[in-house]
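Note: the block below is target28.txt and it holds compact mmCIF, C-alpha atoms.
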# COMPACT_ATOMS: atom_id res chain seq x y z
CA MET A 14 46.64 -39.05 7.94
CA ASN A 15 46.81 -37.65 11.48
CA LYS A 16 46.93 -34.13 10.11
CA ILE A 17 43.78 -34.70 8.11
CA LEU A 18 42.07 -36.24 11.14
CA ILE A 19 43.02 -33.29 13.36
CA ALA A 20 41.84 -30.83 10.72
CA PHE A 21 38.56 -32.74 10.41
CA LEU A 22 38.05 -32.78 14.20
CA LEU A 23 38.83 -29.07 14.50
CA LEU A 24 36.42 -28.24 11.68
CA SER A 25 33.71 -30.40 13.25
CA ALA A 26 34.23 -28.69 16.62
CA VAL A 27 33.93 -25.28 15.02
CA LEU A 28 30.78 -26.24 13.16
CA ALA A 29 29.24 -27.93 16.20
CA ALA A 30 29.82 -24.96 18.53
CA PRO A 31 26.97 -22.42 18.47
CA ALA A 32 27.93 -19.30 16.57
CA LYS A 33 28.66 -16.39 18.85
CA SER A 34 26.19 -14.20 17.04
CA GLU A 35 23.39 -16.78 17.04
CA PHE A 36 20.37 -15.50 18.92
CA ARG A 37 18.13 -17.70 21.05
CA PRO A 38 14.97 -16.97 23.05
CA VAL A 39 15.71 -15.31 26.39
CA GLN A 40 15.56 -17.84 29.24
CA ASN A 41 14.01 -15.58 31.84
CA GLU A 42 11.85 -13.34 29.75
CA LYS A 43 10.09 -11.65 32.69
CA GLU A 44 13.33 -10.68 34.38
CA VAL A 45 15.02 -9.36 31.22
CA GLY A 46 11.83 -7.62 30.12
CA GLY A 47 11.67 -5.97 33.54
CA LYS A 48 15.31 -4.83 33.30
CA LEU A 49 14.76 -3.28 29.86
CA ASP A 50 11.55 -1.68 31.03
CA ASN A 51 13.29 -0.14 34.05
CA MET A 52 16.06 1.12 31.83
CA ALA A 53 13.48 2.74 29.51
CA LYS A 54 11.70 4.35 32.47
CA SER A 55 14.94 5.77 33.87
CA LEU A 56 16.04 7.04 30.46
CA GLN A 57 15.64 10.79 30.19
CA SER A 58 18.06 11.67 27.41
CA ILE A 59 20.62 10.24 24.99
CA GLN A 60 23.40 11.95 23.06
CA SER A 61 25.38 9.86 20.64
CA ASN A 62 27.22 9.58 17.35
CA PHE A 63 25.74 7.29 14.77
CA HIS A 64 26.77 5.43 11.65
CA GLN A 65 23.96 4.55 9.26
CA GLU A 66 24.12 1.86 6.62
CA ARG A 67 21.22 1.76 4.19
CA TYR A 68 21.22 -1.51 2.26
CA ILE A 69 19.20 -1.59 -0.97
CA HIS A 70 18.58 -5.20 -1.98
CA PHE A 71 17.11 -4.07 -5.29
CA MET A 72 20.57 -2.75 -6.24
CA ASN A 73 22.79 -4.95 -4.09
CA THR A 74 24.43 -1.84 -2.70
CA SER A 75 24.49 0.22 0.47
CA ILE A 76 24.64 3.93 1.20
CA ASP A 77 26.54 4.97 4.32
CA SER A 78 26.15 8.16 6.30
CA GLU A 79 26.99 9.39 9.79
CA GLY A 80 26.29 12.13 12.27
CA LYS A 81 25.07 12.94 15.77
CA PHE A 82 21.78 12.66 17.53
CA TRP A 83 20.12 13.95 20.66
CA PHE A 84 16.96 12.53 22.20
CA LYS A 85 15.08 13.89 25.20
CA LYS A 86 11.92 12.46 26.66
CA GLU A 87 9.09 12.58 25.79
CA ASN A 88 9.34 13.38 22.15
CA SER A 89 12.27 15.68 21.31
CA LEU A 90 14.73 14.48 18.73
CA ARG A 91 17.56 16.09 16.79
CA TRP A 92 19.07 13.91 14.09
CA GLU A 93 22.03 15.61 12.42
CA TYR A 94 23.85 14.14 9.43
CA THR A 95 27.39 15.40 8.98
CA SER A 96 28.71 13.13 6.22
CA PRO A 97 28.48 12.63 3.23
CA PHE A 98 25.83 15.37 3.36
CA LYS A 99 24.73 17.91 5.92
CA TYR A 100 21.12 17.60 6.94
CA THR A 101 19.22 18.05 10.18
CA VAL A 102 15.87 16.67 11.26
CA ILE A 103 14.34 18.08 14.44
CA ILE A 104 11.13 16.73 15.93
CA ASN A 105 9.92 18.72 18.90
CA ARG A 106 6.41 19.04 20.35
CA GLY A 107 4.78 17.71 17.21
CA ILE A 108 6.67 20.10 14.92
CA VAL A 109 9.16 18.84 12.35
CA ILE A 110 11.99 21.05 11.14
CA LEU A 111 14.10 19.93 8.19
CA SER A 112 17.21 21.90 7.38
CA ASP A 113 19.78 21.32 4.65
CA HIS A 114 23.37 22.48 4.20
CA ASP A 115 22.29 25.66 2.38
CA GLY A 116 20.35 26.76 5.46
CA ASN A 117 17.00 26.10 3.78
CA ALA A 118 14.57 25.09 6.49
CA ASN A 119 11.15 23.56 6.16
CA GLN A 120 8.79 23.38 9.11
CA PHE A 121 5.51 21.49 9.45
CA GLN A 122 3.38 19.58 11.92
CA VAL A 123 3.88 15.83 12.25
CA GLU A 124 0.14 15.37 12.41
CA GLY A 125 -1.32 15.70 8.94
CA ASN A 126 1.85 14.63 7.11
CA LYS A 127 1.20 10.92 6.58
CA ILE A 128 4.73 9.96 5.66
CA PHE A 129 6.41 11.78 8.47
CA GLU A 130 3.86 10.57 10.99
CA GLN A 131 4.80 6.99 10.14
CA VAL A 132 8.52 7.71 10.24
CA ASN A 133 8.22 9.60 13.51
CA ASN A 134 6.28 6.84 15.28
CA ILE A 135 8.87 4.23 14.38
CA ILE A 136 11.90 6.30 15.26
CA VAL A 137 10.64 7.64 18.58
CA ALA A 138 9.59 4.14 19.66
CA ALA A 139 13.09 2.89 18.89
CA MET A 140 14.90 5.83 20.50
CA SER A 141 12.96 5.89 23.75
CA GLY A 142 13.50 2.17 24.34
CA ASP A 143 9.92 2.01 25.60
CA ILE A 144 9.26 -1.12 23.64
CA VAL A 145 8.84 -4.24 25.74
CA ASN A 146 5.29 -3.33 26.72
CA ASN A 147 4.52 -1.29 23.62
CA GLU A 148 1.06 -2.23 22.37
CA ASP A 149 1.85 -1.07 18.83
CA PHE A 150 4.18 -4.02 18.22
CA GLU A 151 4.40 -7.80 18.49
CA VAL A 152 7.48 -8.24 20.69
CA GLN A 153 10.03 -11.06 20.70
CA LEU A 154 12.95 -11.15 23.16
CA LEU A 155 16.19 -12.93 22.18
CA GLU A 156 19.79 -13.00 23.38
CA ASN A 157 23.31 -14.07 22.54
CA ASN A 158 26.53 -13.64 24.50
CA ASP A 159 26.76 -9.90 23.92
CA TYR A 160 23.30 -8.56 23.27
CA TYR A 161 19.65 -8.71 24.14
CA LEU A 162 17.73 -8.43 20.89
CA VAL A 163 14.18 -7.09 20.89
CA LYS A 164 12.35 -7.82 17.64
CA LEU A 165 9.33 -5.66 17.03
CA LYS A 166 6.73 -6.27 14.37
CA PRO A 167 4.38 -3.31 13.87
CA LEU A 168 0.73 -4.29 14.25
CA ASP A 169 -0.44 -1.32 12.20
CA LYS A 170 -0.80 -2.45 8.57
CA GLU A 171 0.28 0.91 7.18
CA VAL A 172 3.43 0.99 9.30
CA SER A 173 4.29 -2.64 8.49
CA LYS A 174 4.28 -1.77 4.78
CA VAL A 175 7.16 0.61 5.53
CA VAL A 176 8.99 -1.31 8.28
CA TYR A 177 8.27 -5.02 8.44
CA GLU A 178 10.35 -5.63 11.55
CA MET A 179 12.58 -3.59 13.79
CA GLU A 180 15.51 -5.15 15.66
CA ILE A 181 16.92 -3.32 18.66
CA PHE A 182 20.21 -4.58 20.10
CA PHE A 183 20.87 -3.81 23.78
CA GLU A 184 24.35 -4.36 25.19
CA LYS A 185 24.05 -6.92 27.96
CA SER A 186 26.63 -5.18 30.15
CA SER A 187 25.04 -1.72 30.18
CA LEU A 188 21.54 -2.33 28.73
CA GLU A 189 22.23 0.58 26.37
CA ILE A 190 21.07 0.48 22.75
CA ALA A 191 24.05 -0.45 20.58
CA LYS A 192 22.35 -0.69 17.19
CA ILE A 193 18.97 -0.69 15.51
CA LYS A 194 18.07 -2.52 12.33
CA MET A 195 14.90 -1.64 10.44
CA ASN A 196 13.91 -4.41 8.02
CA GLU A 197 11.58 -3.69 5.15
CA PRO A 198 9.28 -6.16 3.38
CA SER A 199 11.58 -5.99 0.33
CA ASP A 200 14.64 -7.34 2.28
CA ASP A 201 16.12 -3.84 2.38
CA TYR A 202 17.29 -2.64 5.75
CA THR A 203 18.71 0.34 7.59
CA LEU A 204 21.32 -0.43 10.23
CA ILE A 205 22.19 2.31 12.71
CA ARG A 206 25.14 1.83 15.08
CA TYR A 207 25.63 4.15 18.03
CA SER A 208 28.93 5.19 19.57
CA ASN A 209 30.12 7.62 22.28
CA ARG A 210 26.74 7.51 24.01
CA LYS A 211 25.97 9.82 26.88
CA ILE A 212 22.94 8.78 28.87
CA ASN A 213 20.84 11.14 30.99
CA GLU A 214 23.21 14.09 30.66
CA PRO A 215 21.40 17.42 30.49
CA ILE A 216 20.54 18.64 27.00
CA PRO A 217 19.48 22.29 26.66
CA ASP A 218 16.13 22.89 24.94
CA SER A 219 17.92 25.04 22.36
CA VAL A 220 19.33 21.84 20.80
CA PHE A 221 15.82 21.04 19.54
CA GLY A 222 15.56 24.25 17.53
CA LEU A 223 17.56 25.83 14.73
CA MET B 6 -18.51 37.90 -35.24
CA ASN B 7 -16.10 40.44 -33.73
CA ARG B 8 -15.68 38.17 -30.75
CA TYR B 9 -14.51 35.30 -32.98
CA LEU B 10 -12.13 37.58 -34.86
CA THR B 11 -10.60 38.80 -31.59
CA LEU B 12 -10.29 35.23 -30.35
CA PHE B 13 -8.63 34.20 -33.63
CA LEU B 14 -6.14 37.07 -33.46
CA VAL B 15 -5.29 36.37 -29.81
CA PHE B 16 -4.85 32.68 -30.58
CA SER B 17 -2.66 33.41 -33.63
CA ALA B 18 -0.50 35.79 -31.62
CA PHE B 19 -0.18 33.17 -28.88
CA ILE B 20 0.96 30.54 -31.35
CA LEU B 21 3.38 32.96 -32.97
CA PHE B 22 5.07 33.83 -29.69
CA ALA B 23 4.74 30.44 -28.05
CA CYS B 24 6.56 28.53 -30.78
CA ASP B 25 10.32 28.71 -30.83
CA THR B 26 12.01 28.78 -34.18
CA TYR B 27 14.55 26.08 -34.92
CA LYS B 28 16.87 25.88 -37.93
CA LEU B 29 18.12 22.46 -39.01
CA ILE B 30 21.88 21.95 -38.78
CA LYS B 31 22.75 20.20 -42.02
CA ASP B 32 25.96 18.53 -40.89
CA ASN B 33 24.35 16.82 -37.89
CA ASN B 34 26.87 14.06 -37.46
CA ILE B 35 29.49 16.23 -35.76
CA TYR B 36 27.09 16.82 -32.87
CA LYS B 37 25.46 13.41 -32.92
CA LYS B 38 28.78 11.77 -32.07
CA GLU B 39 28.79 13.58 -28.75
CA LEU B 40 25.28 12.58 -27.77
CA SER B 41 25.01 10.69 -24.49
CA ALA B 42 22.64 10.43 -21.53
CA PRO B 43 22.76 13.40 -19.13
CA ILE B 44 23.72 11.07 -16.29
CA LYS B 45 26.22 8.47 -17.49
CA ILE B 46 26.62 5.62 -15.03
CA GLU B 47 29.02 2.75 -15.61
CA GLU B 48 27.54 -0.72 -15.52
CA GLY B 49 27.39 -2.12 -12.00
CA SER B 50 27.91 1.25 -10.31
CA ASN B 51 25.66 3.90 -8.83
CA VAL B 52 25.38 7.63 -8.20
CA VAL B 53 23.63 9.26 -5.25
CA TYR B 54 21.89 12.63 -5.25
CA LYS B 55 20.53 14.44 -2.21
CA ALA B 56 17.17 15.87 -3.22
CA ASN B 57 14.44 18.25 -2.18
CA VAL B 58 11.13 17.34 -3.78
CA ASP B 59 8.20 19.74 -3.82
CA LEU B 60 5.06 18.04 -5.11
CA SER B 61 2.69 20.88 -4.13
CA VAL B 62 0.76 18.70 -1.68
CA GLU B 63 3.80 16.86 -0.33
CA LYS B 64 7.26 18.23 0.42
CA LEU B 65 9.92 15.57 0.78
CA SER B 66 13.65 15.33 1.02
CA GLY B 67 15.82 12.29 0.61
CA LEU B 68 18.33 10.49 -1.52
CA PHE B 69 17.96 9.33 -5.10
CA VAL B 70 20.17 6.30 -5.67
CA ILE B 71 20.58 5.41 -9.36
CA PHE B 72 22.16 2.09 -10.29
CA ASN B 73 23.05 0.78 -13.74
CA ALA B 74 22.38 -2.97 -13.94
CA ASP B 75 23.24 -4.04 -17.46
CA SER B 76 21.44 -1.07 -19.11
CA LEU B 77 18.48 -1.48 -16.77
CA PHE B 78 18.49 1.57 -14.53
CA LYS B 79 17.25 1.11 -10.99
CA VAL B 80 16.16 4.21 -9.12
CA SER B 81 15.45 4.26 -5.39
CA PHE B 82 14.16 7.26 -3.49
CA ILE B 83 14.74 6.97 0.26
CA SER B 84 14.53 9.44 3.12
CA GLU B 85 17.81 10.46 4.77
CA MET B 86 16.75 8.35 7.75
CA GLY B 87 16.33 5.29 5.54
CA ILE B 88 12.60 5.08 4.90
CA LYS B 89 11.89 4.06 1.31
CA PHE B 90 9.59 6.17 -0.85
CA PHE B 91 9.85 4.20 -4.10
CA ASP B 92 11.83 1.75 -6.25
CA MET B 93 11.57 1.91 -10.02
CA THR B 94 13.30 0.51 -13.09
CA ILE B 95 13.84 2.23 -16.43
CA ASP B 96 15.04 0.72 -19.69
CA GLU B 97 14.55 1.41 -23.38
CA GLU B 98 11.10 -0.16 -23.31
CA GLY B 99 9.70 1.98 -20.50
CA TYR B 100 9.49 2.07 -16.73
CA GLU B 101 8.06 0.05 -13.87
CA PHE B 102 7.47 0.91 -10.21
CA ILE B 103 8.47 -2.05 -8.01
CA TYR B 104 7.37 -0.36 -4.80
CA CYS B 105 5.85 2.98 -3.88
CA MET B 106 4.84 4.31 -0.47
CA GLU B 107 1.13 4.98 -0.36
CA PRO B 108 0.94 8.79 -0.20
CA LEU B 109 3.07 8.98 -3.36
CA ASP B 110 1.27 6.18 -5.16
CA LYS B 111 -0.70 8.47 -7.49
CA ARG B 112 -0.56 8.27 -11.25
CA ILE B 113 0.28 11.93 -11.78
CA ILE B 114 3.19 11.75 -9.31
CA LEU B 115 4.56 8.44 -10.62
CA ASN B 116 4.36 9.64 -14.24
CA THR B 117 6.26 12.78 -13.31
CA PHE B 118 9.08 10.84 -11.65
CA ALA B 119 9.17 8.36 -14.55
CA ASN B 120 9.33 11.07 -17.25
CA TYR B 121 11.96 12.96 -15.31
CA PHE B 122 14.30 10.01 -14.80
CA THR B 123 13.70 8.70 -18.31
CA ALA B 124 14.90 12.06 -19.68
CA LEU B 125 17.94 11.95 -17.38
CA LEU B 126 18.97 8.35 -17.97
CA GLN B 127 18.05 7.53 -21.55
CA ASN B 128 20.57 8.27 -24.24
CA PRO B 129 18.76 10.58 -26.71
CA LYS B 130 20.54 8.66 -29.48
CA TYR B 131 17.95 5.94 -28.84
CA TYR B 132 15.38 8.12 -30.63
CA LYS B 133 15.56 9.40 -34.18
CA GLY B 134 16.23 13.10 -34.06
CA ASP B 135 18.12 15.98 -35.59
CA PHE B 136 20.20 18.89 -34.42
CA TYR B 137 18.85 22.42 -34.84
CA TYR B 138 19.99 25.92 -33.95
CA ASP B 139 17.53 27.81 -31.78
CA LYS B 140 17.07 31.61 -31.88
CA LYS B 141 20.26 32.10 -29.88
CA ASN B 142 22.23 29.77 -32.17
CA THR B 143 22.39 27.14 -29.44
CA PRO B 144 22.58 23.58 -30.77
CA VAL B 145 19.45 21.66 -29.81
CA TYR B 146 18.77 17.98 -30.36
CA LYS B 147 15.06 17.40 -30.93
CA ILE B 148 13.29 14.04 -30.60
CA LYS B 149 9.86 12.56 -30.01
CA ASP B 150 9.83 10.17 -27.08
CA ASN B 151 7.74 7.02 -26.54
CA SER B 152 4.71 9.00 -25.38
CA ASN B 153 4.86 11.31 -28.41
CA ARG B 154 6.24 14.13 -26.31
CA ARG B 155 8.80 16.40 -27.92
CA ARG B 156 12.07 16.51 -26.05
CA TYR B 157 14.75 19.16 -26.65
CA TYR B 158 18.33 18.77 -25.46
CA TYR B 159 20.24 22.07 -25.29
CA PHE B 160 24.01 22.25 -25.46
CA GLU B 161 26.60 24.83 -24.54
CA GLU B 162 30.15 24.17 -25.75
CA SER B 163 29.14 20.56 -26.42
CA ILE B 164 27.91 20.08 -22.81
CA MET B 165 24.21 19.35 -22.35
CA ASN B 166 22.86 21.93 -19.94
CA LYS B 167 19.10 21.83 -20.38
CA ILE B 168 16.29 19.50 -21.37
CA LYS B 169 12.83 20.76 -22.21
CA THR B 170 9.79 18.77 -23.12
CA LYS B 171 6.65 19.94 -24.84
CA ARG B 172 3.35 18.39 -25.62
CA TYR B 173 1.00 20.37 -27.84
CA LEU B 174 1.66 24.03 -26.99
CA ARG B 175 2.46 23.58 -23.33
CA ASN B 176 5.89 23.43 -21.81
CA ARG B 177 5.54 20.24 -19.82
CA PHE B 178 8.79 20.36 -17.89
CA SER B 179 12.37 21.53 -17.99
CA ILE B 180 15.54 20.10 -16.49
CA GLU B 181 18.61 22.25 -15.91
CA LEU B 182 21.99 20.61 -15.48
CA PHE B 183 24.90 22.28 -13.69
CA TYR B 184 28.45 20.95 -13.82
CA ASN B 185 31.53 21.59 -11.73
CA ASP B 186 34.37 19.60 -13.25
CA LYS B 187 32.75 16.40 -12.09
CA LYS B 188 31.84 13.32 -14.06
CA HIS B 189 28.13 13.75 -13.34
CA PRO B 190 26.05 16.95 -13.16
CA GLU B 191 26.61 18.42 -9.71
CA LYS B 192 23.17 19.97 -9.52
CA ILE B 193 19.97 19.15 -11.40
CA ILE B 194 16.78 21.20 -11.20
CA PHE B 195 13.51 19.86 -12.51
CA LEU B 196 10.55 22.21 -12.96
CA GLN B 197 7.02 21.49 -14.09
CA ASN B 198 4.16 23.96 -14.26
CA ILE B 199 1.00 21.87 -14.43
CA PRO B 200 0.84 20.61 -11.74
CA ASP B 201 3.57 22.57 -9.94
CA PHE B 202 6.41 20.18 -9.19
CA LYS B 203 10.02 21.02 -8.38
CA ILE B 204 12.88 18.63 -7.73
CA GLU B 205 16.37 19.83 -6.88
CA MET B 206 19.12 17.24 -6.73
CA ASN B 207 22.70 17.72 -5.54
CA LEU B 208 25.39 15.13 -6.19
CA ILE B 209 26.96 13.61 -3.07
Rendering of file as C-alpha cells:
Amino acid sequence: MNKILIAFLLLSAVLAAPAKSEFRPVQNEKEVGGKLDNMAKSLQSIQSNFHQERYIHFMNTSIDSEGKFWFKKENSLRWEYTSPFKYTVIINRGIVILSDHDGNANQFQVEGNKIFEQVNNIIVAAMSGDIVNNEDFEVQLLENNDYYLVKLKPLDKEVSKVVYEMEIFFEKSSLEIAKIKMNEPSDDYTLIRYSNRKINEPIPDSVFGL
Amino acid sequence: MNRYLTLFLVFSAFILFACDTYKLIKDNNIYKKELSAPIKIEEGSNVVYKANVDLSVEKLSGLFVIFNADSLFKVSFISEMGIKFFDMTIDEEGYEFIYCMEPLDKRIILNTFANYFTALLQNPKYYKGDFYYDKKNTPVYKIKDNSNRRRYYYFEESIMNKIKTKRYLRNRFSIELFYNDKKHPEKIIFLQNIPDFKIEMNLI
C-alpha cells in the first residue's frame, strides 16, 4: 500500500511541477527586450553549423539536412548545405546566387522575384536578430529556464501565407540564437538548430561570392 | 488553287514524318507482367529528389518529397531552406492541390506538375494498353490517359527509360529516366515544349 502511495505522490509531484520546456511571458519585458536589442545592434557577423529538420505534416515525415552558414550585416548571407545534398544560396547586395553540386549557378536580383523576396525577408530578419522592434511582425516575448523565445507573426498577408509564425530561441546565458522554428499555416515547420557559433569574427567578402 | 495544293502537300509530308510507326507485339503478356510505375514507393515510405525547375518565367530549385499513403501519393515541393511551394495528392481518380504558393498558382503550371507526377507515379497497368515495337524495335507500351492524352512508355532491356506523351500531333512532354543500380531512377529529366518547361530531379 505504501509503495502505491509513494508512487502516486511522486507522480503527482512530477505532474504538478511546471515542465522545464514550458514557456511563460517574460516578467520584465522592457529589460529583456533591451538586452536582445543591444545584442542585435552589436551583432556584426555570425558563422555557424546548422542542422535543419523540415517536418511535413501532410506526410507525417521530416527531411533532415545540414551545413554551414555565414551572415554579415547588413544583408550578406551564405547558406551552404553539405548533406544529404550540396547546395549553396548566397544573398549579397540584393543579388541571389544559387549553386548546385554540379557547379551550375543561377544568379538573379532579389527584387522582382516574388518568391525569393518573401524568403529573403524572413530569413534575414531571423538571422540579424533585429526583431524585437521590427515593425513587420507582431512580437511576443516568452521565457523558460534555458531560453528566451521571441514569437513573430508577420503582419504582411502575403508573408503570413508562407510563414504563419516564426519562433526564435535565444540562449539565456549568452543571448545567442540557438534555434529557429518557422511554422506554416498547415502545421508544417522548419526547425534550424545552430552549433559551433562564432560571433563577430571577421568574414572576408569573398565568402559571399562563388 | 496552287496555294491549296502546296499547303496540302506540306501538311501531308508533316503528318508522314511526324507520326511514328508502331507494330503491335502479339504476345503482349510477357511484357505486361513487368509493367510497374516508374517510381515505385512502398506504402508508408517516401523518396526525396533534389530538383531544378525552369518554368520560363520562374526558375526554382528545391526538394520533391513523394510519399505513398495507402496508394494515395502525396507530393510536396519545398525549397532547400524549407519554404513550401506546393502540396498535392495523386490517386487513380486524379489529382488535387492542397496548397500552392501564389506565384505558382496558375492553371498551366499546376497542370504541368500534375501530368508529370501522374506519369511518374501511376502504374500504366491501370490503363488498357498494348505493347508495340517502334522503328528501332524498342518495346513501347501505349495507353490513353484520363485526359485522352496518348502516353508511351519506352523500355530498354525491360527497364523503362522514357515516357512520351502526345496530344493530336504535338509532342506534349517527355520524361527520361536514368538508373544507377538503385531502386529508384537516380535522375529524371522532364521536358515540355509549349510552354517551355524543364524539370531535372536527382535522387538524394
**Message:** Neighbouring residues of A:Met72 were defined as those with any atom within 12 Å, considering all atoms listed in the file; residues of the same chain fewer than 3 positions away were excluded. Please report them as a ChimeraX atom specification.
**Reply:** /A:67-69,75-76,199-201 /B:48-52,70-75,77-81,92-94
**Request:** When you get a sec, could you note down which chain A residues fall within 10 Å of chain B, using all atoms listed in the file, as a count of residues only?
**Result:** 45
**Message:** Considering only C-alpha atoms, can you say which of A:Val45, A:Ala53, A:Arg91, A:Gly107 comes closest to A:Pro217?
**Reply:**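 Using only C-alpha atoms, A:Pro217 sits closest to A:Arg91.
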**Request:** Calculate how many Å separate atom CA of A:Lys194 from atom CA of A:Gln153, rounding to one decimal.
**Result:** 14.4 Å
**Item:** Interatomic distance, atom CA of B:Asp201 to atom CA of B:Asp59 (Å, one decimal)
**Value:** 8.2 Å
**Prompt:** Any idea what's packed within 10 Å of stretch 113-124 of chain B, counting all atoms listed in the file, ignoring anything in its chain fewer than 2 positions away? Could you give it as a PyMOL selection string?
**Reply:** chain B and resi 42-44+60+71+78+80+91+93-97+99-102+105+108-111+126-129+150+152+156-158+168-170+177-180+195-197+200+202+204
**Request:** Enter the distance from atom CA of B:Glu181 to atom CA of B:Asn151, in Å, rounded to one decimal.
**Result:**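 These two atoms are separated by 21.5 Å.
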**Shell of 10 Å around B:Glu39, only C-alpha atoms, local chain residues under 6 positions omitted, as JSON, numbers by chain** = {"B": [130, 163, 164, 165]}
Convert the current residue selection to file output with C-alpha atoms, as a compact mmCIF listing (two decimals), in the frame of the given file.
# COMPACT_ATOMS: atom_id res chain seq x y z
CA LYS B 130 20.54 8.66 -29.48
CA SER B 163 29.14 20.56 -26.42
CA ILE B 164 27.91 20.08 -22.81
CA MET B 165 24.21 19.35 -22.35
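Nearest to B:Met206 of all the residues B:Ile148, B:Leu40, B:Leu125, B:Val58 is B:Val58, counting only C-alpha atoms.
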What lies within 8 Å of A:Gln120 using only C-alpha atoms, ignoring chain neighbours under 5 positions off, as a JSON list (two decimals) with C-alpha atoms, in the coordinates of the input?
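Contents of part.json, freshly written:
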[["chain", "number", "residue", "atom", "x", "y", "z"],
["A", 108, "ILE", "CA", 6.67, 20.10, 14.92],
["A", 109, "VAL", "CA", 9.16, 18.84, 12.35],
["A", 110, "ILE", "CA", 11.99, 21.05, 11.14],
["A", 111, "LEU", "CA", 14.10, 19.93, 8.19]]
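Restricting the calculation to only C-alpha atoms, the smallest distance between B:Tyr36 and any of B:Glu162, B:Lys187, B:Lys167, B:Tyr132 is found for B:Glu162.
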**Prompt:** Between B:Ser76, B:Asn34, B:Asn153, B:Thr26, which has the minimum distance to B:Glu47 (counting only C-alpha atoms)?
**Reply:**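 Using only C-alpha atoms, the shortest distance to B:Glu47 belongs to B:Ser76.
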**Item:** Within 12 Å of file point (17.9, 20.8, 21.7), counting only C-alpha atoms, expressed as a list of chain:residue names
**Value:**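 Every polymer residue passing the test: A:Ser58, A:Ile59, A:Gln60, A:Phe82, A:Trp83, A:Phe84, A:Lys85, A:Lys86, A:Asn88, A:Ser89, A:Leu90, A:Arg91, A:Trp92, A:Glu93, A:Thr101, A:Val102, A:Ile103, A:Ile104, A:Asn105, A:Arg106, A:Pro215, A:Ile216, A:Pro217, A:Asp218, A:Ser219, A:Val220, A:Phe221, A:Gly222, A:Leu223.
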**Asked** Near A:Val163, counting all atoms listed in the file, which residues have an atom at most 9 Å away, once you skip same-chain residues fewer than 6 positions from it, shown as an MDAnalysis selection string?
**Response** chainID A and resid 144:145 152:156 179:183
